[in-house]
Amino acid sequence: MRKTLFVLFVLAGGVTSHAQDNLHVIKHLKITILSTMLAQRGWGEWGFSALIEADSTKILFDAGSHENTVLQNSKALNIDLSDVNTLILSHDHTDHTAGWLPLRNALAAVNKNALGVTHVAPGFFDTRINDDGRDDNDRKKDSLLYIATGGRIVLHKNFEEIAPGIYLTGIVPRVHPEKNYDTTGKMKDATGRVIADNVPEDMALVIRTTDGLVLVTGCGHSGIVNNLTHVNNNLKHEKIYTVIGGLHLLNTSDDKIQWTAQKLKENGIRYFMGAHCTGIEPVYQIRTWAGLKRGECIVGSVGATFQTGKGFTAGSLTR
Ligand SMILES: [Zn+2]
Ligand SMILES: [Zn+2]
């Protein structure tokens, strides 16, 4: 199985991020939340998905937790996803991947290229161990079904530019002691040995805008501060000013959230949307400890947007 998959995958050969000349800058960025817990319009669920519109580039980041949530919410928000050809799956968890095949099948019926390319990081297809001790190879099975639809999967081990001004972190080095994941999870390594599952494939998206870099995370299992450090090391002398997504801080102690907020502040973060597994109370703690104002630091909800030059727009529930 592994060999077959290896042949089918295309290893990415993106532009090196160290080339600091001729850097492309996105002028108009709009990010719309399509799956998270809270919803004023559409349906809420334990999951995450966001539509990225960066000038002429459209990307779906994660696919939600139920097979139809993203599709239903996009209809409720009058958003057409059939011209979105690129999907990023931040990591293997079902609450980010359950919509993968249903979305591909529904949208490809309108446009055969819709969600025709899926970007993941190594580890995404690794065998996980279920609570009952059985092997879970669901993402391997999904990937074969996806390839059978004509879809192409691109693996990103390293920090890479996937479209002008748009980057994937690839594998995020765990240099800080963040454990923003379920520490009881188990997986198998390449030799079949059972090891702790720290969600090694967890990766984030980075967009260079006229105002600075915007970082989008799915569950942030690799640690938001590890992500900030990794981006800073790869896009030197550039400022991350916005963080959006799930940060998995919901079980994190107050002192660790305070440390996280301090690091966000040191990085110059001006806009923060904590969606999905960030937890609600941690968002307000970060607002206080990172010195942000109401409107600059919000809980994510379905239909909430972030736009360059405008910041967040959200319903009255979360603004
Ligand atoms: Zn999640
Ligand atoms: Zn997760």
# chains A, B, ... in the order shown; residues from 1 in each chain; ligands from 1
call {"tool": "select_by_dssp", "arguments": {"residues": "stretch 43-270 of chain A", "states": "alpha helix (DSSP H)", "output": "PyMOL selection string"}}
result
chain A and resi 69-76+94-97+100-108+138-148+224-234+254-266
call {"tool": "residues_around", "arguments": {"residues": "stretch 262-269 of chain A", "least_positions_apart": "2", "cutoff": "6 Å", "atoms": "only C-alpha atoms", "output": "short mmCIF file (atom, residue, chain, number, x, y, z; two decimals) with C-alpha atoms, in the first residue's frame"}}
result
data_model
loop_
_atom_site.label_atom_id
_atom_site.label_comp_id
_atom_site.auth_asym_id
_atom_site.auth_seq_id
_atom_site.Cartn_x
_atom_site.Cartn_y
_atom_site.Cartn_z
CA TYR A 241 0.29 40.39 11.86
CA THR A 242 -2.74 38.09 11.77
CA TRP A 259 3.12 32.57 27.62
CA THR A 260 1.44 31.98 24.23
CA TYR A 271 -5.54 40.46 14.59
CA ALA A 290 -1.61 40.15 24.12
#
call {"tool": "closest_residue", "arguments": {"among": "A:Lys140, A:Lys188, A:Lys179, A:His91", "to": "ligand 2", "atoms": "only C-alpha atoms and all ligand atoms"}}
result
A:His91
call {"tool": "closest_atom_pairs", "arguments": {"of": "chain A", "to": "ligand 2", "cutoff": "10 Å", "atoms": "only C-alpha atoms and all ligand atoms", "output": "JSON lines"}}
result
{"residue": "A:Gly47", "atom": "CA", "partner": "ligand 2", "partner_atom_place_in_ligand_line": "1 (Zn)", "distance": 8.6}
{"residue": "A:Phe48", "atom": "CA", "partner": "ligand 2", "partner_atom_place_in_ligand_line": "1 (Zn)", "distance": 9.3}
{"residue": "A:Ser90", "atom": "CA", "partner": "ligand 2", "partner_atom_place_in_ligand_line": "1 (Zn)", "distance": 8.5}
{"residue": "A:His91", "atom": "CA", "partner": "ligand 2", "partner_atom_place_in_ligand_line": "1 (Zn)", "distance": 6.7}
{"residue": "A:Asp92", "atom": "CA", "partner": "ligand 2", "partner_atom_place_in_ligand_line": "1 (Zn)", "distance": 7.3}
{"residue": "A:His93", "atom": "CA", "partner": "ligand 2", "partner_atom_place_in_ligand_line": "1 (Zn)", "distance": 4.9}
{"residue": "A:Thr94", "atom": "CA", "partner": "ligand 2", "partner_atom_place_in_ligand_line": "1 (Zn)", "distance": 7.8}
{"residue": "A:Asp95", "atom": "CA", "partner": "ligand 2", "partner_atom_place_in_ligand_line": "1 (Zn)", "distance": 7.0}
{"residue": "A:His96", "atom": "CA", "partner": "ligand 2", "partner_atom_place_in_ligand_line": "1 (Zn)", "distance": 7.2}
{"residue": "A:Thr97", "atom": "CA", "partner": "ligand 2", "partner_atom_place_in_ligand_line": "1 (Zn)", "distance": 9.8}
{"residue": "A:Asn180", "atom": "CA", "partner": "ligand 2", "partner_atom_place_in_ligand_line": "1 (Zn)", "distance": 9.3}
{"residue": "A:Tyr181", "atom": "CA", "partner": "ligand 2", "partner_atom_place_in_ligand_line": "1 (Zn)", "distance": 7.2}
{"residue": "A:Asp182", "atom": "CA", "partner": "ligand 2", "partner_atom_place_in_ligand_line": "1 (Zn)", "distance": 8.6}
{"residue": "A:Val199", "atom": "CA", "partner": "ligand 2", "partner_atom_place_in_ligand_line": "1 (Zn)", "distance": 7.8}
{"residue": "A:Asp202", "atom": "CA", "partner": "ligand 2", "partner_atom_place_in_ligand_line": "1 (Zn)", "distance": 8.2}
{"residue": "A:Gly218", "atom": "CA", "partner": "ligand 2", "partner_atom_place_in_ligand_line": "1 (Zn)", "distance": 7.2}
{"residue": "A:Cys219", "atom": "CA", "partner": "ligand 2", "partner_atom_place_in_ligand_line": "1 (Zn)", "distance": 4.8}
{"residue": "A:Gly220", "atom": "CA", "partner": "ligand 2", "partner_atom_place_in_ligand_line": "1 (Zn)", "distance": 7.6}
{"residue": "A:His221", "atom": "CA", "partner": "ligand 2", "partner_atom_place_in_ligand_line": "1 (Zn)", "distance": 6.5}
{"residue": "A:Ser222", "atom": "CA", "partner": "ligand 2", "partner_atom_place_in_ligand_line": "1 (Zn)", "distance": 9.9}
{"residue": "A:Gly246", "atom": "CA", "partner": "ligand 2", "partner_atom_place_in_ligand_line": "1 (Zn)", "distance": 8.6}
{"residue": "A:Leu247", "atom": "CA", "partner": "ligand 2", "partner_atom_place_in_ligand_line": "1 (Zn)", "distance": 9.3}
{"residue": "A:His248", "atom": "CA", "partner": "ligand 2", "partner_atom_place_in_ligand_line": "1 (Zn)", "distance": 7.9}
{"residue": "A:His276", "atom": "CA", "partner": "ligand 2", "partner_atom_place_in_ligand_line": "1 (Zn)", "distance": 9.7}
{"residue": "A:Cys277", "atom": "CA", "partner": "ligand 2", "partner_atom_place_in_ligand_line": "1 (Zn)", "distance": 8.1}
call {"tool": "write_last_selection", "arguments": {"atoms": "C-alpha atoms", "output": "compact mmCIF listing (two decimals), in the first residue's frame"}}
result
# COMPACT_ATOMS: atom_id res chain seq x y z
CA GLY A 47 -14.51 21.01 12.91
CA PHE A 48 -12.75 23.59 10.79
CA SER A 90 -3.80 20.69 7.71
CA HIS A 91 -3.65 17.24 9.32
CA ASP A 92 -5.33 13.82 9.29
CA HIS A 93 -8.04 14.33 11.95
CA THR A 94 -11.58 13.55 10.81
CA ASP A 95 -12.95 16.93 11.94
CA HIS A 96 -10.82 18.50 9.15
CA THR A 97 -11.03 15.79 6.51
CA ASN A 180 -1.41 21.28 21.90
CA TYR A 181 -2.75 17.85 21.02
CA ASP A 182 -4.29 14.79 22.67
CA VAL A 199 0.27 14.82 14.81
CA ASP A 202 0.23 19.34 11.26
CA GLY A 218 -6.36 24.03 11.40
CA CYS A 219 -5.89 22.64 14.91
CA GLY A 220 -2.45 24.11 15.57
CA HIS A 221 -1.29 20.78 17.02
CA SER A 222 2.31 21.65 16.14
CA GLY A 246 -7.88 26.43 15.58
CA LEU A 247 -5.07 26.55 18.16
CA HIS A 248 -6.03 23.66 20.44
CA HIS A 276 -12.58 25.57 16.57
CA CYS A 277 -10.39 23.92 19.25
call {"tool": "select_by_dssp", "arguments": {"residues": "stretch 35-224 of chain A", "states": "strand (DSSP E or B)", "output": "NGL selection string"}}
result
:A and (35 or 38-39 or 49-54 or 57-61 or 86-88 or 117-120 or 128-129 or 135-136 or 152-155 or 160-163 or 166-168 or 186-188 or 194-196 or 205-209 or 212-217)
call {"tool": "residues_around", "arguments": {"residues": "A:Gly116", "least_positions_apart": "4", "cutoff": "7 Å", "atoms": "only C-alpha atoms", "output": "ChimeraX atom specification"}}
result
/A:85-86,151-152
call {"tool": "write_last_selection", "arguments": {"atoms": "all heavy atoms", "output": "PDB file, in the first residue's frame"}}
result
ATOM      1  N   ASN A  85      -9.966  25.208  -6.954  1.00  0.00           N
ATOM      2  CA  ASN A  85      -9.290  24.001  -7.436  1.00  0.00           C
ATOM      3  C   ASN A  85      -8.322  23.401  -6.421  1.00  0.00           C
ATOM      4  O   ASN A  85      -7.867  22.269  -6.585  1.00  0.00           O
ATOM      5  CB  ASN A  85      -8.529  24.319  -8.734  1.00  0.00           C
ATOM      6  CG  ASN A  85      -9.487  24.681  -9.862  1.00  0.00           C
ATOM      7  OD1 ASN A  85     -10.677  24.389  -9.790  1.00  0.00           O
ATOM      8  ND2 ASN A  85      -8.983  25.335 -10.890  1.00  0.00           N
ATOM      9  N   THR A  86      -7.977  24.166  -5.380  1.00  0.00           N
ATOM     10  CA  THR A  86      -6.934  23.738  -4.443  1.00  0.00           C
ATOM     11  C   THR A  86      -7.490  23.517  -3.046  1.00  0.00           C
ATOM     12  O   THR A  86      -8.218  24.361  -2.522  1.00  0.00           O
ATOM     13  CB  THR A  86      -5.826  24.820  -4.371  1.00  0.00           C
ATOM     14  OG1 THR A  86      -5.337  25.036  -5.693  1.00  0.00           O
ATOM     15  CG2 THR A  86      -4.686  24.394  -3.470  1.00  0.00           C
ATOM     16  N   GLY A 151      -8.009  13.149  -8.788  1.00  0.00           N
ATOM     17  CA  GLY A 151      -7.354  14.129  -7.910  1.00  0.00           C
ATOM     18  C   GLY A 151      -5.863  13.852  -7.759  1.00  0.00           C
ATOM     19  O   GLY A 151      -5.414  12.720  -7.923  1.00  0.00           O
ATOM     20  N   ARG A 152      -5.120  14.908  -7.473  1.00  0.00           N
ATOM     21  CA  ARG A 152      -3.661  14.803  -7.313  1.00  0.00           C
ATOM     22  C   ARG A 152      -3.289  15.251  -5.909  1.00  0.00           C
ATOM     23  O   ARG A 152      -3.803  16.275  -5.426  1.00  0.00           O
ATOM     24  CB  ARG A 152      -2.978  15.703  -8.349  1.00  0.00           C
ATOM     25  CG  ARG A 152      -1.467  15.623  -8.373  1.00  0.00           C
ATOM     26  CD  ARG A 152      -0.924  16.298  -9.640  1.00  0.00           C
ATOM     27  NE  ARG A 152      -1.208  17.729  -9.685  1.00  0.00           N
ATOM     28  CZ  ARG A 152      -0.336  18.681  -9.320  1.00  0.00           C
ATOM     29  NH1 ARG A 152       0.864  18.346  -8.886  1.00  0.00           N
ATOM     30  NH2 ARG A 152      -0.659  19.955  -9.399  1.00  0.00           N
TER      31      ARG A 152
END
call {"tool": "closest_residue", "arguments": {"among": "A:Gly274, A:His119, A:Leu317, A:Thr305", "to": "A:Ser143", "atoms": "only C-alpha atoms"}}
result
A:His119
call {"tool": "residues_around", "arguments": {"residues": "A:Pro102", "least_positions_apart": "4", "cutoff": "8 Å", "atoms": "only C-alpha atoms", "output": "JSON, numbers by chain"}}
result
{"A": [67, 68, 98, 106]}
call {"tool": "closest_residue", "arguments": {"among": "A:Thr127, A:Val175, A:Pro282, A:Gly42", "to": "A:Thr191", "atoms": "only C-alpha atoms"}}
result
A:Thr127
call {"tool": "closest_residue", "arguments": {"among": "A:His66, A:Gln40, A:Tyr284, A:Ile129", "to": "A:Arg193", "atoms": "only C-alpha atoms"}}
result
A:Ile129
call {"tool": "atom_distance", "arguments": {"atom1": "atom CA of A:Val120", "atom2": "atom CA of A:Asn227"}}
result
16.1 Å
call {"tool": "closest_residue", "arguments": {"among": "A:Arg128, A:His237, A:His24, A:Lys256", "to": "A:Pro177", "atoms": "only C-alpha atoms"}}
result
A:Lys256
call {"tool": "closest_residue", "arguments": {"among": "A:Val206, A:Ile286, A:Leu292, A:Leu250", "to": "ligand 1", "atoms": "only C-alpha atoms and all ligand atoms"}}
result
A:Leu250
call {"tool": "residues_around", "arguments": {"residues": "A:Gly303", "least_positions_apart": "2", "cutoff": "9 Å", "atoms": "only C-alpha atoms", "output": "short mmCIF file (atom, residue, chain, number, x, y, z; two decimals) with all heavy atoms, in the first residue's frame"}}
result
data_model
loop_
_atom_site.label_atom_id
_atom_site.label_comp_id
_atom_site.auth_asym_id
_atom_site.auth_seq_id
_atom_site.Cartn_x
_atom_site.Cartn_y
_atom_site.Cartn_z
N THR A 32 -12.90 33.47 4.75
CA THR A 32 -14.25 33.26 5.26
C THR A 32 -14.31 31.92 5.98
O THR A 32 -13.96 30.88 5.40
CB THR A 32 -15.28 33.26 4.11
OG1 THR A 32 -15.11 34.45 3.34
CG2 THR A 32 -16.71 33.19 4.65
N ILE A 33 -14.78 31.91 7.22
CA ILE A 33 -14.88 30.66 7.99
C ILE A 33 -16.12 29.88 7.52
O ILE A 33 -17.23 30.41 7.51
CB ILE A 33 -14.99 30.95 9.50
CG1 ILE A 33 -13.80 31.83 9.97
CG2 ILE A 33 -15.04 29.64 10.30
CD1 ILE A 33 -12.44 31.26 9.75
N LEU A 34 -15.89 28.62 7.13
CA LEU A 34 -16.99 27.77 6.63
C LEU A 34 -17.34 26.63 7.57
O LEU A 34 -18.39 26.00 7.42
CB LEU A 34 -16.64 27.20 5.25
CG LEU A 34 -16.50 28.23 4.12
CD1 LEU A 34 -16.09 27.55 2.83
CD2 LEU A 34 -17.82 29.00 3.93
N SER A 35 -16.47 26.33 8.51
CA SER A 35 -16.78 25.31 9.54
C SER A 35 -16.04 25.66 10.81
O SER A 35 -14.82 25.86 10.82
CB SER A 35 -16.36 23.91 9.07
OG SER A 35 -16.26 23.03 10.17
N ALA A 39 -22.07 29.25 15.01
CA ALA A 39 -22.64 29.67 13.72
C ALA A 39 -23.83 30.58 13.99
O ALA A 39 -24.73 30.22 14.74
CB ALA A 39 -23.08 28.46 12.91
N GLN A 40 -23.79 31.76 13.38
CA GLN A 40 -24.96 32.64 13.43
C GLN A 40 -25.79 32.42 12.16
O GLN A 40 -27.00 32.51 12.18
CB GLN A 40 -24.53 34.10 13.56
CG GLN A 40 -25.65 35.00 14.00
CD GLN A 40 -25.14 36.33 14.50
OE1 GLN A 40 -23.94 36.53 14.72
NE2 GLN A 40 -26.04 37.28 14.70
N ARG A 41 -25.07 32.13 11.07
CA ARG A 41 -25.71 31.67 9.82
C ARG A 41 -25.11 30.32 9.50
O ARG A 41 -23.93 30.09 9.72
CB ARG A 41 -25.42 32.65 8.68
CG ARG A 41 -26.19 33.95 8.80
CD ARG A 41 -25.70 34.95 7.78
NE ARG A 41 -26.03 34.58 6.41
CZ ARG A 41 -25.52 35.21 5.34
NH1 ARG A 41 -24.67 36.20 5.50
NH2 ARG A 41 -25.87 34.85 4.13
N GLY A 42 -25.89 29.41 8.94
CA GLY A 42 -25.38 28.08 8.61
C GLY A 42 -25.35 27.19 9.84
O GLY A 42 -26.05 27.43 10.81
N ASN A 73 -22.93 25.23 4.39
CA ASN A 73 -22.61 26.57 4.87
C ASN A 73 -22.23 27.50 3.72
O ASN A 73 -22.58 28.70 3.76
CB ASN A 73 -21.49 26.51 5.91
CG ASN A 73 -22.01 26.02 7.26
OD1 ASN A 73 -23.22 25.95 7.48
ND2 ASN A 73 -21.10 25.67 8.15
N SER A 74 -21.54 26.98 2.71
CA SER A 74 -21.20 27.84 1.58
C SER A 74 -22.48 28.29 0.86
O SER A 74 -22.58 29.45 0.44
CB SER A 74 -20.23 27.13 0.61
OG SER A 74 -20.82 25.99 0.06
N LEU A 77 -24.18 30.98 2.80
CA LEU A 77 -23.44 32.25 2.73
C LEU A 77 -23.32 32.76 1.29
O LEU A 77 -22.60 33.73 1.03
CB LEU A 77 -22.03 32.06 3.32
CG LEU A 77 -21.98 31.67 4.80
CD1 LEU A 77 -20.59 31.16 5.19
CD2 LEU A 77 -22.37 32.85 5.68
N GLY A 300 -13.96 32.70 16.51
CA GLY A 300 -14.36 32.43 15.13
C GLY A 300 -15.78 31.88 15.05
O GLY A 300 -16.22 31.14 15.93
N SER A 301 -16.49 32.26 14.00
CA SER A 301 -17.84 31.72 13.77
C SER A 301 -18.05 31.55 12.26
O SER A 301 -17.37 32.21 11.45
CB SER A 301 -18.90 32.66 14.36
OG SER A 301 -18.80 33.93 13.75
N THR A 305 -15.43 36.89 8.55
CA THR A 305 -14.39 37.09 7.53
C THR A 305 -13.25 37.93 8.09
O THR A 305 -13.42 38.68 9.05
CB THR A 305 -14.94 37.82 6.28
OG1 THR A 305 -15.38 39.12 6.66
CG2 THR A 305 -16.08 37.04 5.64
N THR A 313 -14.86 40.92 10.09
CA THR A 313 -16.30 41.20 10.04
C THR A 313 -16.98 39.96 10.57
O THR A 313 -16.74 38.86 10.08
CB THR A 313 -16.76 41.47 8.59
OG1 THR A 313 -15.99 42.55 8.06
CG2 THR A 313 -18.24 41.84 8.56
N ALA A 314 -17.80 40.12 11.61
CA ALA A 314 -18.47 38.97 12.21
C ALA A 314 -19.88 39.37 12.60
O ALA A 314 -20.20 40.56 12.72
CB ALA A 314 -17.70 38.49 13.43
N GLY A 315 -20.73 38.36 12.78
CA GLY A 315 -22.08 38.63 13.25
C GLY A 315 -22.08 39.14 14.67
O GLY A 315 -21.04 39.12 15.36
#
call {"tool": "residues_around", "arguments": {"residues": "A:Val110", "least_positions_apart": "5", "cutoff": "10 Å", "atoms": "only C-alpha atoms", "output": "NGL selection string"}}
result
:A and (81-83 or 105)
call {"tool": "atom_distance", "arguments": {"atom1": "atom CA of A:Asn130", "atom2": "atom CA of A:Thr36"}}
result
24.3 Å
call {"tool": "residues_around", "arguments": {"residues": "A:Ile298", "least_positions_apart": "5", "cutoff": "8 Å", "atoms": "only C-alpha atoms", "output": "list of chain:residue names"}}
result
A:Phe272, A:Met273, A:Gly274, A:Val283, A:Tyr284, A:Thr318, A:Arg319
call {"tool": "write_last_selection", "arguments": {"atoms": "all heavy atoms", "output": "CSV table (one decimal), in the first residue's frame"}}
result
chain,number,residue,atom,x,y,z
A,272,PHE,N,-6.4,38.5,15.7
A,272,PHE,CA,-6.4,37.1,16.2
A,272,PHE,C,-7.8,36.6,16.2
A,272,PHE,O,-8.7,37.2,16.8
A,272,PHE,CB,-5.8,37.0,17.6
A,272,PHE,CG,-5.7,35.6,18.2
A,272,PHE,CD1,-4.6,34.8,18.0
A,272,PHE,CD2,-6.8,35.1,18.9
A,272,PHE,CE1,-4.6,33.5,18.5
A,272,PHE,CE2,-6.8,33.8,19.4
A,272,PHE,CZ,-5.7,33.0,19.2
A,273,MET,N,-8.1,35.5,15.4
A,273,MET,CA,-9.4,34.8,15.5
A,273,MET,C,-9.1,33.4,15.9
A,273,MET,O,-8.6,32.6,15.2
A,273,MET,CB,-10.0,34.8,14.1
A,273,MET,CG,-11.4,34.2,14.2
A,273,MET,SD,-12.1,33.7,12.6
A,273,MET,CE,-12.5,35.3,11.9
A,274,GLY,N,-9.6,33.1,17.1
A,274,GLY,CA,-9.5,31.8,17.7
A,274,GLY,C,-10.8,31.0,17.4
A,274,GLY,O,-11.8,31.3,18.0
A,283,VAL,N,-9.4,32.6,24.1
A,283,VAL,CA,-9.4,33.7,23.2
A,283,VAL,C,-9.5,35.0,24.0
A,283,VAL,O,-8.7,36.0,23.7
A,283,VAL,CB,-10.6,33.7,22.2
A,283,VAL,CG1,-10.7,34.9,21.3
A,283,VAL,CG2,-10.5,32.4,21.3
A,284,TYR,N,-10.3,35.0,25.0
A,284,TYR,CA,-10.4,36.3,25.8
A,284,TYR,C,-9.2,36.5,26.7
A,284,TYR,O,-8.8,37.6,26.9
A,284,TYR,CB,-11.7,36.2,26.6
A,284,TYR,CG,-12.9,36.2,25.7
A,284,TYR,CD1,-13.8,35.2,25.7
A,284,TYR,CD2,-13.1,37.2,24.8
A,284,TYR,CE1,-14.9,35.1,24.9
A,284,TYR,CE2,-14.2,37.2,23.9
A,284,TYR,CZ,-15.1,36.1,23.9
A,284,TYR,OH,-16.1,36.1,23.1
A,318,THR,N,-20.4,37.3,17.9
A,318,THR,CA,-19.0,37.2,18.3
A,318,THR,C,-18.2,38.6,18.1
A,318,THR,O,-17.0,38.6,18.4
A,318,THR,CB,-18.2,36.2,17.4
A,318,THR,OG1,-18.5,36.4,16.0
A,318,THR,CG2,-18.8,34.8,17.8
A,319,ARG,N,-18.8,39.6,17.6
A,319,ARG,CA,-18.0,40.8,17.3
A,319,ARG,C,-17.8,41.7,18.5
A,319,ARG,O,-18.5,41.5,19.5
A,319,ARG,CB,-18.6,41.6,16.1
A,319,ARG,CG,-19.8,42.4,16.4
A,319,ARG,CD,-20.2,43.2,15.2
A,319,ARG,NE,-21.6,43.7,15.2
A,319,ARG,CZ,-22.5,43.4,14.3
A,319,ARG,NH1,-22.1,42.7,13.2
A,319,ARG,NH2,-23.7,43.8,14.4
call {"tool": "decode", "arguments": {"residues": "stretch 62-70 of chain A", "atoms": "all heavy atoms", "output": "PDB file, in the first residue's frame"}}
result
ATOM      1  N   ASP A  62      -8.854  23.017   4.812  1.00  0.00           N
ATOM      2  CA  ASP A  62      -9.595  22.011   5.602  1.00  0.00           C
ATOM      3  C   ASP A  62     -11.044  21.877   5.108  1.00  0.00           C
ATOM      4  O   ASP A  62     -11.577  22.772   4.448  1.00  0.00           O
ATOM      5  CB  ASP A  62      -9.545  22.297   7.106  1.00  0.00           C
ATOM      6  CG  ASP A  62      -8.182  21.912   7.700  1.00  0.00           C
ATOM      7  OD1 ASP A  62      -7.443  21.163   7.040  1.00  0.00           O
ATOM      8  OD2 ASP A  62      -7.873  22.373   8.814  1.00  0.00           O
ATOM      9  N   ALA A  63     -11.643  20.713   5.457  1.00  0.00           N
ATOM     10  CA  ALA A  63     -12.897  20.336   4.781  1.00  0.00           C
ATOM     11  C   ALA A  63     -14.056  20.039   5.726  1.00  0.00           C
ATOM     12  O   ALA A  63     -15.082  19.513   5.310  1.00  0.00           O
ATOM     13  CB  ALA A  63     -12.629  19.119   3.889  1.00  0.00           C
ATOM     14  N   GLY A  64     -13.901  20.393   7.017  1.00  0.00           N
ATOM     15  CA  GLY A  64     -15.018  20.224   7.942  1.00  0.00           C
ATOM     16  C   GLY A  64     -15.161  18.814   8.473  1.00  0.00           C
ATOM     17  O   GLY A  64     -14.481  17.879   8.044  1.00  0.00           O
ATOM     18  N   SER A  65     -16.075  18.677   9.413  1.00  0.00           N
ATOM     19  CA  SER A  65     -16.195  17.467  10.217  1.00  0.00           C
ATOM     20  C   SER A  65     -17.330  16.537   9.802  1.00  0.00           C
ATOM     21  O   SER A  65     -17.317  15.356  10.120  1.00  0.00           O
ATOM     22  CB  SER A  65     -16.382  17.926  11.663  1.00  0.00           C
ATOM     23  OG  SER A  65     -16.832  16.920  12.476  1.00  0.00           O
ATOM     24  N   HIS A  66     -18.329  17.082   9.133  1.00  0.00           N
ATOM     25  CA  HIS A  66     -19.402  16.259   8.569  1.00  0.00           C
ATOM     26  C   HIS A  66     -19.353  16.414   7.058  1.00  0.00           C
ATOM     27  O   HIS A  66     -18.923  17.445   6.546  1.00  0.00           O
ATOM     28  CB  HIS A  66     -20.776  16.682   9.109  1.00  0.00           C
ATOM     29  CG  HIS A  66     -20.952  16.384  10.552  1.00  0.00           C
ATOM     30  ND1 HIS A  66     -20.523  17.245  11.546  1.00  0.00           N
ATOM     31  CD2 HIS A  66     -21.485  15.310  11.181  1.00  0.00           C
ATOM     32  CE1 HIS A  66     -20.783  16.716  12.724  1.00  0.00           C
ATOM     33  NE2 HIS A  66     -21.365  15.532  12.537  1.00  0.00           N
ATOM     34  N   GLU A  67     -19.833  15.413   6.356  1.00  0.00           N
ATOM     35  CA  GLU A  67     -19.588  15.404   4.915  1.00  0.00           C
ATOM     36  C   GLU A  67     -20.228  16.578   4.175  1.00  0.00           C
ATOM     37  O   GLU A  67     -19.735  16.982   3.129  1.00  0.00           O
ATOM     38  CB  GLU A  67     -19.993  14.067   4.290  1.00  0.00           C
ATOM     39  CG  GLU A  67     -21.427  13.670   4.487  1.00  0.00           C
ATOM     40  CD  GLU A  67     -21.715  12.332   3.808  1.00  0.00           C
ATOM     41  OE1 GLU A  67     -20.826  11.451   3.803  1.00  0.00           O
ATOM     42  OE2 GLU A  67     -22.816  12.176   3.272  1.00  0.00           O
ATOM     43  N   ASN A  68     -21.303  17.151   4.724  1.00  0.00           N
ATOM     44  CA  ASN A  68     -21.994  18.211   3.988  1.00  0.00           C
ATOM     45  C   ASN A  68     -21.920  19.603   4.603  1.00  0.00           C
ATOM     46  O   ASN A  68     -22.482  20.540   4.052  1.00  0.00           O
ATOM     47  CB  ASN A  68     -23.471  17.838   3.802  1.00  0.00           C
ATOM     48  CG  ASN A  68     -23.632  16.754   2.751  1.00  0.00           C
ATOM     49  OD1 ASN A  68     -22.927  16.769   1.744  1.00  0.00           O
ATOM     50  ND2 ASN A  68     -24.501  15.797   3.006  1.00  0.00           N
ATOM     51  N   THR A  69     -21.252  19.746   5.749  1.00  0.00           N
ATOM     52  CA  THR A  69     -21.284  21.046   6.432  1.00  0.00           C
ATOM     53  C   THR A  69     -20.731  22.183   5.565  1.00  0.00           C
ATOM     54  O   THR A  69     -21.350  23.235   5.441  1.00  0.00           O
ATOM     55  CB  THR A  69     -20.492  20.995   7.753  1.00  0.00           C
ATOM     56  OG1 THR A  69     -20.943  19.891   8.511  1.00  0.00           O
ATOM     57  CG2 THR A  69     -20.670  22.272   8.541  1.00  0.00           C
ATOM     58  N   VAL A  70     -19.567  21.964   4.978  1.00  0.00           N
ATOM     59  CA  VAL A  70     -18.929  23.041   4.204  1.00  0.00           C
ATOM     60  C   VAL A  70     -19.793  23.406   2.993  1.00  0.00           C
ATOM     61  O   VAL A  70     -19.973  24.585   2.668  1.00  0.00           O
ATOM     62  CB  VAL A  70     -17.495  22.637   3.794  1.00  0.00           C
ATOM     63  CG1 VAL A  70     -16.901  23.637   2.816  1.00  0.00           C
ATOM     64  CG2 VAL A  70     -16.616  22.532   5.040  1.00  0.00           C
TER      65      VAL A  70
END
